[in-house]
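Undergrad: Take a look at model.txt, compact mmCIF, C-alpha atoms:
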# COMPACT_ATOMS: atom_id res chain seq x y z
CA MET C 1 29.15 9.45 -10.53
CA THR C 2 27.53 12.57 -9.23
CA GLY C 3 26.32 13.28 -5.75
CA GLN C 4 22.67 12.72 -6.74
CA ARG C 5 20.74 9.68 -5.56
CA ALA C 6 18.12 7.55 -7.30
CA TYR C 7 15.01 7.05 -5.16
CA LEU C 8 13.37 3.77 -6.21
CA ASP C 9 11.21 3.08 -3.15
CA HIS C 10 7.86 4.70 -3.92
CA ASN C 11 5.89 1.77 -2.47
CA ALA C 12 7.41 2.54 0.92
CA SER C 13 6.65 6.25 0.62
CA ALA C 14 6.19 8.42 -2.43
CA PRO C 15 7.93 11.82 -2.51
CA LEU C 16 5.79 14.63 -1.13
CA LEU C 17 4.03 16.42 -3.98
CA ALA C 18 4.30 20.19 -4.30
CA GLN C 19 0.49 20.43 -4.28
CA ALA C 20 0.30 18.55 -0.99
CA ARG C 21 3.04 20.64 0.59
CA ALA C 22 1.27 23.87 -0.45
CA ALA C 23 -2.07 22.67 0.91
CA MET C 24 -0.48 21.73 4.23
CA LEU C 25 1.25 25.08 4.59
CA ASP C 26 -2.00 26.91 3.86
CA ALA C 27 -3.75 24.90 6.59
CA LEU C 28 -1.10 25.18 9.33
CA ASP C 29 -2.78 28.14 11.00
CA SER C 30 -6.27 26.64 10.82
CA ALA C 31 -8.52 26.66 13.85
CA ASN C 32 -10.30 23.72 15.48
CA PRO C 33 -12.73 22.46 12.83
CA SER C 34 -15.31 21.60 15.48
CA SER C 35 -15.62 25.24 16.52
CA VAL C 36 -18.71 27.08 15.28
CA HIS C 37 -17.08 30.48 14.76
CA GLY C 38 -15.86 31.66 11.38
CA GLU C 39 -12.32 30.37 11.86
CA GLY C 40 -13.63 26.94 12.82
CA ARG C 41 -15.95 26.86 9.84
CA ALA C 42 -13.04 27.73 7.53
CA ALA C 43 -11.08 24.77 8.90
CA ARG C 44 -14.14 22.56 8.42
CA ARG C 45 -14.33 23.62 4.77
CA LEU C 46 -10.74 22.46 4.25
CA ILE C 47 -11.62 19.05 5.66
CA GLU C 48 -14.78 18.68 3.61
CA ARG C 49 -12.96 19.68 0.44
CA ALA C 50 -10.34 17.01 1.13
CA ARG C 51 -13.08 14.49 1.87
CA GLY C 52 -14.45 15.00 -1.63
CA GLN C 53 -10.99 14.79 -3.19
CA VAL C 54 -10.23 11.50 -1.44
CA ALA C 55 -13.62 10.03 -2.33
CA ALA C 56 -13.10 10.90 -6.00
CA LEU C 57 -9.84 8.91 -6.03
CA VAL C 58 -11.76 5.64 -5.45
CA GLY C 59 -15.16 6.39 -6.96
CA GLY C 60 -16.72 6.77 -3.53
CA ARG C 61 -18.95 9.22 -1.71
CA ALA C 62 -17.54 12.16 0.26
CA GLU C 63 -19.96 11.29 3.07
CA GLY C 64 -18.36 7.84 3.29
CA VAL C 65 -14.83 9.09 4.04
CA VAL C 66 -13.55 8.73 7.60
CA PHE C 67 -10.05 10.07 8.20
CA SER C 68 -7.61 8.10 10.35
CA SER C 69 -3.94 8.28 11.32
CA GLY C 70 -3.06 5.93 8.48
CA ALA C 71 -3.93 2.66 6.79
CA THR C 72 -2.99 0.53 9.80
CA GLU C 73 -5.50 2.33 11.99
CA ALA C 74 -8.07 2.13 9.20
CA ALA C 75 -7.56 -1.65 9.04
CA SER C 76 -7.84 -1.95 12.81
CA MET C 77 -11.07 0.01 12.68
CA LEU C 78 -12.67 -2.15 9.98
CA LEU C 79 -11.39 -5.58 11.02
CA SER C 80 -13.76 -5.90 13.94
CA PRO C 81 -16.44 -8.44 14.86
CA ASP C 82 -18.66 -5.72 16.36
CA TRP C 83 -20.55 -3.53 13.92
CA GLY C 84 -23.84 -1.77 13.71
CA GLU C 85 -26.46 -1.65 10.97
CA GLY C 86 -28.14 1.60 11.77
CA ARG C 87 -29.07 1.20 15.43
CA THR C 88 -29.08 -2.60 15.23
CA PRO C 89 -25.98 -4.50 16.44
CA LEU C 90 -24.31 -6.57 13.72
CA ARG C 91 -21.91 -9.43 14.40
CA PHE C 92 -19.17 -10.77 12.12
CA SER C 93 -18.12 -14.19 13.34
CA ARG C 94 -15.08 -14.73 11.12
CA LEU C 95 -12.51 -12.73 9.17
CA TYR C 96 -11.04 -14.07 5.92
CA VAL C 97 -7.72 -12.59 4.69
CA GLY C 98 -5.17 -13.52 2.03
CA ALA C 99 -1.85 -15.10 2.98
CA ALA C 100 0.10 -12.41 1.08
CA ASP C 101 -1.79 -9.48 2.61
CA HIS C 102 -0.13 -6.70 4.57
CA PRO C 103 0.69 -7.57 8.23
CA CYS C 104 -1.93 -5.11 9.49
CA MET C 105 -4.54 -7.27 7.76
CA LEU C 106 -3.01 -10.63 8.68
CA LYS C 107 -2.99 -9.74 12.38
CA GLY C 108 -6.79 -9.67 12.22
CA GLY C 109 -7.50 -6.31 13.81
CA ARG C 110 -9.94 -6.79 16.70
CA PHE C 111 -10.75 -10.42 15.84
CA ASP C 112 -9.47 -13.18 18.10
CA ALA C 113 -6.79 -15.21 16.33
CA GLU C 114 -8.94 -18.32 16.18
CA ARG C 115 -11.58 -16.30 14.30
CA VAL C 116 -9.21 -15.45 11.43
CA THR C 117 -8.98 -17.70 8.36
CA VAL C 118 -5.94 -17.15 6.13
CA LEU C 119 -6.65 -17.99 2.50
CA PRO C 120 -3.89 -19.34 0.23
CA VAL C 121 -2.38 -17.64 -2.80
CA GLY C 122 -0.88 -19.36 -5.80
CA GLY C 123 2.71 -19.31 -6.97
CA ASP C 124 1.80 -16.21 -8.99
CA GLY C 125 0.64 -14.39 -5.85
CA LEU C 126 -3.03 -14.35 -6.83
CA LEU C 127 -5.63 -15.21 -4.22
CA ASN C 128 -7.06 -18.72 -4.62
CA LEU C 129 -10.65 -17.86 -5.50
CA ALA C 130 -11.79 -21.48 -5.26
CA ALA C 131 -10.51 -21.57 -1.68
CA LEU C 132 -12.33 -18.32 -0.92
CA THR C 133 -15.57 -19.63 -2.42
CA ALA C 134 -15.29 -22.90 -0.49
CA ALA C 135 -14.50 -21.14 2.78
CA LEU C 136 -17.51 -18.85 2.45
CA ALA C 137 -19.73 -21.80 1.46
CA GLY C 138 -18.75 -23.47 4.73
CA HIS C 139 -19.25 -20.35 6.82
CA ASP C 140 -21.71 -20.77 9.69
CA ASP C 141 -24.19 -17.93 9.25
CA ALA C 142 -25.82 -18.79 12.55
CA GLU C 143 -22.74 -17.43 14.36
CA GLY C 144 -22.55 -14.21 12.35
CA ARG C 145 -21.72 -12.85 8.94
CA PRO C 146 -18.37 -13.26 7.12
CA LEU C 147 -15.96 -10.34 6.72
CA VAL C 148 -13.43 -10.61 3.88
CA ALA C 149 -10.41 -8.31 3.56
CA THR C 150 -7.76 -8.44 0.83
CA HIS C 151 -5.39 -6.05 -0.86
CA ALA C 152 -5.93 -4.73 -4.37
CA ALA C 153 -2.20 -4.90 -5.12
CA ASN C 154 0.67 -6.39 -3.16
CA ASN C 155 3.18 -3.96 -1.71
CA GLU C 156 6.15 -6.27 -2.44
CA THR C 157 5.43 -8.05 -5.72
CA GLY C 158 2.97 -5.53 -7.15
CA VAL C 159 0.65 -8.43 -8.07
CA VAL C 160 -2.86 -7.10 -8.72
CA GLN C 161 -5.79 -9.09 -7.35
CA PRO C 162 -9.08 -9.45 -9.30
CA TRP C 163 -10.94 -7.47 -6.67
CA PRO C 164 -14.23 -7.00 -8.59
CA GLU C 165 -14.48 -10.79 -8.87
CA ILE C 166 -13.64 -11.18 -5.18
CA ALA C 167 -16.30 -8.60 -4.33
CA GLY C 168 -18.88 -10.61 -6.27
CA ILE C 169 -18.00 -13.83 -4.45
CA VAL C 170 -18.25 -12.09 -1.07
CA SER C 171 -21.56 -10.41 -1.90
CA ALA C 172 -23.10 -13.71 -3.06
CA ALA C 173 -22.15 -15.23 0.31
CA GLY C 174 -23.79 -12.39 2.26
CA GLY C 175 -20.46 -10.99 3.45
CA VAL C 176 -18.85 -7.57 3.60
CA PHE C 177 -15.74 -6.86 1.53
CA VAL C 178 -12.87 -4.60 2.66
CA LEU C 179 -10.32 -3.63 -0.01
CA ASP C 180 -6.84 -2.48 1.00
CA ALA C 181 -6.15 -0.12 -1.90
CA VAL C 182 -3.05 1.47 -0.37
CA GLN C 183 -0.72 0.45 -3.21
CA ALA C 184 -3.28 0.56 -6.02
CA ALA C 185 -4.51 4.10 -5.41
CA GLY C 186 -3.05 6.53 -7.92
CA ARG C 187 -1.58 3.66 -9.96
CA LEU C 188 -4.73 1.86 -11.10
CA PRO C 189 -8.26 3.16 -11.76
CA LEU C 190 -10.52 2.52 -8.75
CA ASP C 191 -14.32 2.65 -8.65
CA MET C 192 -15.64 1.04 -5.49
CA GLU C 193 -19.26 1.64 -6.49
CA ALA C 194 -18.94 -0.10 -9.86
CA ASP C 195 -16.69 -2.84 -8.46
CA GLY C 196 -18.93 -3.71 -5.51
CA VAL C 197 -16.34 -2.86 -2.85
CA ASP C 198 -17.96 -2.15 0.51
CA PHE C 199 -14.99 -0.43 2.21
CA THR C 200 -11.69 0.89 0.89
CA ILE C 201 -8.53 1.59 2.91
CA LEU C 202 -6.17 4.38 1.79
CA SER C 203 -2.86 5.87 2.92
CA SER C 204 -1.80 9.41 2.07
CA HIS C 205 1.96 9.01 1.89
CA LYS C 206 1.77 6.27 -0.76
CA ILE C 207 0.35 8.79 -3.25
CA GLY C 208 2.59 11.76 -2.47
CA GLY C 209 0.71 13.15 0.50
CA PRO C 210 1.94 13.57 4.09
CA LYS C 211 2.60 10.69 6.46
CA GLY C 212 0.34 10.03 9.43
CA ILE C 213 -2.99 10.34 7.64
CA GLY C 214 -5.17 7.74 5.96
CA ALA C 215 -8.83 7.00 5.40
CA VAL C 216 -11.65 4.51 5.32
CA VAL C 217 -14.09 5.04 2.47
CA ALA C 218 -17.49 3.39 3.00
CA ARG C 219 -19.85 2.71 0.12
CA SER C 220 -22.73 3.12 2.58
CA ASP C 221 -22.36 4.36 6.14
CA ARG C 222 -25.45 2.49 7.28
CA THR C 223 -23.27 -0.53 8.10
CA MET C 224 -20.21 0.55 10.09
CA PRO C 225 -17.88 -0.94 12.75
CA ARG C 226 -17.93 0.23 16.33
CA PRO C 227 -15.41 3.08 16.69
CA LEU C 228 -11.84 2.11 17.38
CA ILE C 229 -11.25 5.53 18.95
CA ALA C 230 -14.24 6.96 20.79
CA GLY C 231 -14.22 10.64 21.67
CA GLY C 232 -15.99 13.88 20.99
CA GLY C 233 -17.97 12.78 17.97
CA GLN C 234 -15.56 13.86 15.25
CA GLU C 235 -15.83 12.14 11.86
CA ARG C 236 -19.55 11.59 12.50
CA GLY C 237 -18.70 9.61 15.62
CA PHE C 238 -16.66 6.97 13.79
CA ARG C 239 -13.23 8.33 14.82
CA GLY C 240 -12.80 10.56 17.84
CA GLY C 241 -10.14 13.23 18.24
CA THR C 242 -9.57 16.66 16.75
CA GLU C 243 -8.81 16.29 13.07
CA ASN C 244 -5.28 16.93 11.76
CA VAL C 245 -6.34 19.66 9.34
CA PRO C 246 -2.95 20.27 7.61
CA ALA C 247 -2.41 16.54 6.99
CA ILE C 248 -5.97 16.08 5.76
CA ALA C 249 -5.61 19.05 3.39
CA GLY C 250 -2.34 17.61 2.07
CA PHE C 251 -3.96 14.21 1.62
CA GLY C 252 -6.80 15.76 -0.34
CA ALA C 253 -4.43 17.64 -2.62
CA ALA C 254 -2.39 14.48 -3.23
CA ALA C 255 -5.55 12.51 -4.01
CA GLU C 256 -6.65 15.10 -6.56
CA ALA C 257 -3.21 15.04 -8.16
CA ALA C 258 -3.22 11.22 -8.19
CA VAL C 259 -6.39 11.19 -10.30
CA SER C 260 -4.82 13.49 -12.87
CA ARG C 261 -1.54 11.52 -12.85
CA LEU C 262 -3.19 8.18 -13.69
CA ALA C 263 -2.56 8.90 -17.34
CA SER C 264 1.20 8.88 -16.65
CA MET C 265 1.12 5.26 -15.48
CA GLU C 266 1.55 4.01 -19.05
CA ARG C 267 4.92 5.78 -19.20
CA VAL C 268 5.77 4.41 -15.74
CA ALA C 269 5.00 0.87 -16.93
CA THR C 270 7.28 1.38 -19.95
CA LEU C 271 10.08 2.58 -17.69
CA ARG C 272 9.53 -0.35 -15.31
CA ALA C 273 9.96 -2.67 -18.30
CA ARG C 274 13.30 -1.02 -19.02
CA PHE C 275 14.45 -1.58 -15.43
CA GLU C 276 13.41 -5.21 -15.85
CA ALA C 277 15.30 -5.54 -19.13
CA ALA C 278 18.43 -4.00 -17.59
CA LEU C 279 18.20 -6.45 -14.70
CA LEU C 280 17.90 -9.49 -16.97
CA ALA C 281 20.67 -8.27 -19.26
CA LEU C 282 23.14 -8.09 -16.36
CA ALA C 283 21.73 -11.01 -14.36
CA PRO C 284 19.94 -13.39 -16.78
CA ASP C 285 19.25 -15.84 -13.94
CA ALA C 286 17.36 -13.26 -11.87
CA VAL C 287 13.92 -14.40 -10.74
CA ILE C 288 11.12 -11.85 -11.08
CA HIS C 289 8.41 -12.64 -8.57
CA GLY C 290 4.79 -12.37 -9.73
CA ARG C 291 5.84 -11.93 -13.35
CA SER C 292 3.11 -14.24 -14.64
CA ALA C 293 0.34 -12.23 -12.98
CA PRO C 294 -0.93 -8.70 -13.59
CA ARG C 295 1.31 -6.28 -11.70
CA LEU C 296 1.33 -2.64 -10.73
CA PRO C 297 2.95 -0.57 -13.47
CA ASN C 298 5.64 0.69 -11.10
CA THR C 299 6.82 -2.41 -9.19
CA LEU C 300 9.62 -4.92 -9.79
CA PHE C 301 10.41 -7.55 -7.11
CA PHE C 302 13.32 -9.84 -7.88
CA THR C 303 15.92 -12.27 -6.53
CA ILE C 304 19.45 -12.57 -7.89
CA PRO C 305 20.66 -16.11 -7.08
CA GLY C 306 23.80 -16.15 -4.99
CA ILE C 307 23.37 -12.61 -3.64
CA LYS C 308 21.74 -11.90 -0.29
CA ALA C 309 19.12 -9.19 -0.69
CA GLU C 310 20.18 -7.38 2.48
CA THR C 311 23.81 -7.28 1.36
CA ALA C 312 22.86 -6.04 -2.10
CA GLN C 313 20.62 -3.37 -0.58
CA ILE C 314 23.59 -1.96 1.33
CA ALA C 315 25.70 -1.91 -1.83
CA PHE C 316 22.96 -0.16 -3.80
CA ASP C 317 22.53 2.38 -1.01
CA LEU C 318 26.23 3.19 -0.94
CA ALA C 319 26.13 3.57 -4.72
CA GLY C 320 23.34 6.10 -4.43
CA VAL C 321 20.32 3.90 -5.14
CA ALA C 322 17.49 3.69 -2.61
CA LEU C 323 15.50 0.48 -3.00
CA SER C 324 14.20 -2.02 -0.49
CA ALA C 325 14.60 -5.64 0.53
CA GLY C 326 10.88 -6.38 0.73
CA SER C 327 8.44 -4.29 2.75
CA ALA C 328 9.47 -1.18 4.68
CA CYS C 329 6.67 -1.67 7.21
CA SER C 330 8.55 -3.61 9.88
CA SER C 331 10.53 -0.82 11.56
CA GLY C 332 13.71 -1.69 9.70
CA LYS C 333 13.61 -5.39 10.58
CA VAL C 334 15.11 -7.72 8.01
CA GLY C 335 13.77 -11.24 7.59
CA PRO C 336 12.14 -13.67 5.15
CA SER C 337 9.26 -12.23 3.15
CA HIS C 338 5.92 -13.68 4.23
CA VAL C 339 4.69 -12.83 0.73
CA LEU C 340 7.29 -15.08 -0.90
CA ARG C 341 6.60 -17.84 1.63
CA ALA C 342 2.89 -17.63 0.78
CA MET C 343 3.82 -17.98 -2.90
CA GLY C 344 5.87 -21.10 -2.14
CA VAL C 345 9.24 -19.46 -2.78
CA GLU C 346 11.94 -21.09 -0.65
CA ARG C 347 14.99 -19.17 -1.84
CA GLY C 348 17.17 -18.03 1.04
CA GLU C 349 18.63 -14.97 -0.69
CA GLY C 350 15.53 -12.85 -0.21
CA ALA C 351 14.38 -10.33 -2.78
CA LEU C 352 14.82 -6.70 -3.74
CA ARG C 353 12.05 -4.31 -4.69
CA ILE C 354 12.20 -1.43 -7.12
CA SER C 355 9.16 0.84 -7.06
CA ILE C 356 9.09 3.96 -9.19
CA GLY C 357 6.76 6.86 -9.95
CA PRO C 358 6.02 9.58 -12.49
CA GLU C 359 9.07 11.51 -11.24
CA THR C 360 11.44 8.64 -12.07
CA GLY C 361 13.46 9.13 -15.23
CA GLU C 362 16.46 8.20 -17.31
CA ALA C 363 19.01 9.33 -14.71
CA GLU C 364 17.60 6.93 -12.11
CA LEU C 365 17.63 4.06 -14.60
CA GLN C 366 21.26 4.72 -15.50
CA ARG C 367 22.36 4.88 -11.87
CA PHE C 368 20.56 1.60 -11.19
CA GLU C 369 22.31 -0.06 -14.14
CA ARG C 370 25.75 1.13 -12.98
CA SER C 371 25.11 -0.02 -9.44
CA LEU C 372 23.67 -3.36 -10.54
CA ARG C 373 26.74 -4.02 -12.68
CA LEU C 374 28.90 -3.66 -9.55
CA VAL C 375 26.62 -5.93 -7.51
CA VAL C 376 26.60 -8.66 -10.16
CA ALA C 377 30.36 -8.43 -10.67
CA LYS C 378 30.93 -8.91 -6.93
CA ARG C 379 28.91 -12.13 -7.10
CA GLN C 380 31.96 -13.63 -8.75
CA ALA C 381 34.11 -12.69 -5.73
CA PRO C 382 32.04 -13.64 -2.65
CA SER C 383 35.00 -13.36 -0.29
CA GLU C 384 35.21 -9.60 -0.84
CA ASN C 385 32.95 -7.06 0.77
CA LEU C 386 30.26 -6.13 -1.71
CA TRP C 387 30.34 -2.47 -0.74
CA ASP C 388 34.12 -1.89 -0.63
CA GLU C 389 34.21 -0.50 -4.16
CA ALA C 390 30.76 1.04 -4.24
CA PRO C 391 30.93 4.62 -5.51
CA LYS C 392 30.45 6.97 -2.58
CA VAL C 393 27.79 9.65 -2.92
CA GLU C 394 26.87 12.64 -0.87
CA ARG C 395 24.36 11.86 1.89
CA ARG C 396 21.88 14.42 3.08
CA GLY C 397 19.39 14.49 5.91
Can you give me the file's structure in the form of structure tokens?
TA:
Amino acid sequence: MTGQRAYLDHNASAPLLAQARAAMLDALDSANPSSVHGEGRAARRLIERARGQVAALVGGRAEGVVFSSGATEAASMLLSPDWGEGRTPLRFSRLYVGAADHPCMLKGGRFDAERVTVLPVGGDGLLNLAALTAALAGHDDAEGRPLVATHAANNETGVVQPWPEIAGIVSAAGGVFVLDAVQAAGRLPLDMEADGVDFTILSSHKIGGPKGIGAVVARSDRTMPRPLIAGGGQERGFRGGTENVPAIAGFGAAAEAAVSRLASMERVATLRARFEAALLALAPDAVIHGRSAPRLPNTLFFTIPGIKAETAQIAFDLAGVALSAGSACSSGKVGPSHVLRAMGVERGEGALRISIGPETGEAELQRFERSLRLVVAKRQAPSENLWDEAPKVERRG
């Protein structure tokens, strides 16, 4: 064992790309982009360049990009009953979300709880389209229009939703469709114009950009929610506050790189299959969640019967493997996965998630196999501490 670690948690946060780091450093001394002098105009050019780069990632328009502090703020901005269509007020009376969606969607944004309908998913993690169609058919248009928000791909299982089909169902019902593409961006081709997606939510640090920056991409800015953060008119009045120019520049660079790296996802999928094969070779009774549905090429979510996920995560960490027990979006809290509950999974062991990227290679796979062998062997001796014999590695940072 060497002192190197294997980072297998890209769905939580992808490693910062060199292009993004360079763009951020170049923008650190930028002026206020709202200033009209030359320095301000230079900062504005950095933002507008990034706006185009982010739009290109999802097949959107640069004019439709509104930068935010991240995907959670973007969701809170869009999930609102109060919108405008030009100068005319527009009311959404009900929000429809999927039961396996990210917590920032399930909490309903600015909708009252009784105005949020949670739609079921099947045992494969796919949204029940019949339930969606029936719910929209029963929607009372007299109270306001329907707003539907779902993810493109699940952050835990990697299950990919048929979002173009969902968009068609929503459009036929006169609704507006919000797509959380946080996990799909950079891993799957996205074209919101061709797919009929009205609004897309993005997060920079999931594609190798900096943390603390995200975006809403609108197919048409004629229909927009009332601002979540009102201020000095930045972002065309949709999001007040002086823009974080270095983070935006880094986001733009990461988005441009993500487009070019899409071709590498075939290799990532092949490597994911090897992780899966190694898992099943050492633990043939392992359950792979969402296996029967289309999945992201980089994600593997599994349960090993008889081993608590949280305990195994500690053992993997001590052995130099960074993976997660479900989502990393709950401030370190450990508990049952709402995604698995929505899928009807009742296992008490929990599940572990491996999520890889183009940087992942043979060394990471080998370290995972060695660590997994230890974890599975310890299953035969439950009275011992799982991490007592875990190889110790150098820790940094």
Undergrad: Extract, using only C-alpha atoms, all DNA, RNA and protein residues at most 9 Å from Arg239 (chain C), discarding same-chain residues fewer than 4 positions from it, and format them as a short mmCIF file (atom, residue, chain, number, x, y, z; two decimals) with C-alpha atoms, keeping the file's coordinate frame.
TA:
data_model
loop_
_atom_site.label_atom_id
_atom_site.label_comp_id
_atom_site.auth_asym_id
_atom_site.auth_seq_id
_atom_site.Cartn_x
_atom_site.Cartn_y
_atom_site.Cartn_z
CA VAL C 66 -13.55 8.73 7.60
CA PHE C 67 -10.05 10.07 8.20
CA SER C 68 -7.61 8.10 10.35
CA MET C 77 -11.07 0.01 12.68
CA PRO C 227 -15.41 3.08 16.69
CA LEU C 228 -11.84 2.11 17.38
CA ILE C 229 -11.25 5.53 18.95
CA ALA C 230 -14.24 6.96 20.79
CA GLY C 231 -14.22 10.64 21.67
CA GLY C 232 -15.99 13.88 20.99
CA GLY C 233 -17.97 12.78 17.97
CA GLN C 234 -15.56 13.86 15.25
CA GLU C 235 -15.83 12.14 11.86
#
Undergrad: Return the single residue from C:His205, C:Arg87, C:Arg219, C:His10 that is closest to Gly64 (chain C), with distances computed using only C-alpha atoms.
TA: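 Comparing C:His205, C:Arg87, C:Arg219, C:His10 against Gly64 (chain C), the winner is C:Arg219.
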Undergrad: Just want the 9 Å neighbourhood of Gln313 (chain C), counted on all atoms listed in the file, with same-chain residues fewer than 5 positions away dropped. Output as a ChimeraX atom specification.
TA: /C:308,318,321-325,352
Undergrad: Calculate how many Å separate CA of Gly186 (chain C) from CA of Ala258 (chain C), rounding to one decimal.
TA: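 About the pair CA of Gly186 (chain C) and CA of Ala258 (chain C): they are 4.7 Å apart.
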Undergrad: Kindly indicate which residue among C:Ile207, C:Met24, C:Val375, C:Val148 lies nearest to Pro81 (chain C), using all atoms listed in the file for the distances.
TA: C:Val148
Undergrad: Please determine, counting all atoms listed in the file, which residue among C:Ala293, C:Ile288, C:Val216, C:Val170 has the shortest atom-to-atom distance to Ile354 (chain C).
TA: C:Ile288
Undergrad: Which is closer to Arg110 (chain C) than all the others in C:Leu78, C:Ala130, C:Ala142, C:Val65, using all atoms listed in the file?
TA: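 Between C:Leu78, C:Ala130, C:Ala142, C:Val65, the residue approaching Arg110 (chain C) most closely is C:Leu78.
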Undergrad: Can you measure CA of Gly320 (chain C) to CA of Phe368 (chain C) for me? One decimal in Å is fine.
TA: 8.6 Å
Undergrad: Anything within 10 Å of (0.5, -4.9, -15.2): list those residues as a PyMOL selection string, counting all atoms listed in the file and sticking to the file's coordinates.
TA: chain C and resi 158-160+188+266+269+291-299
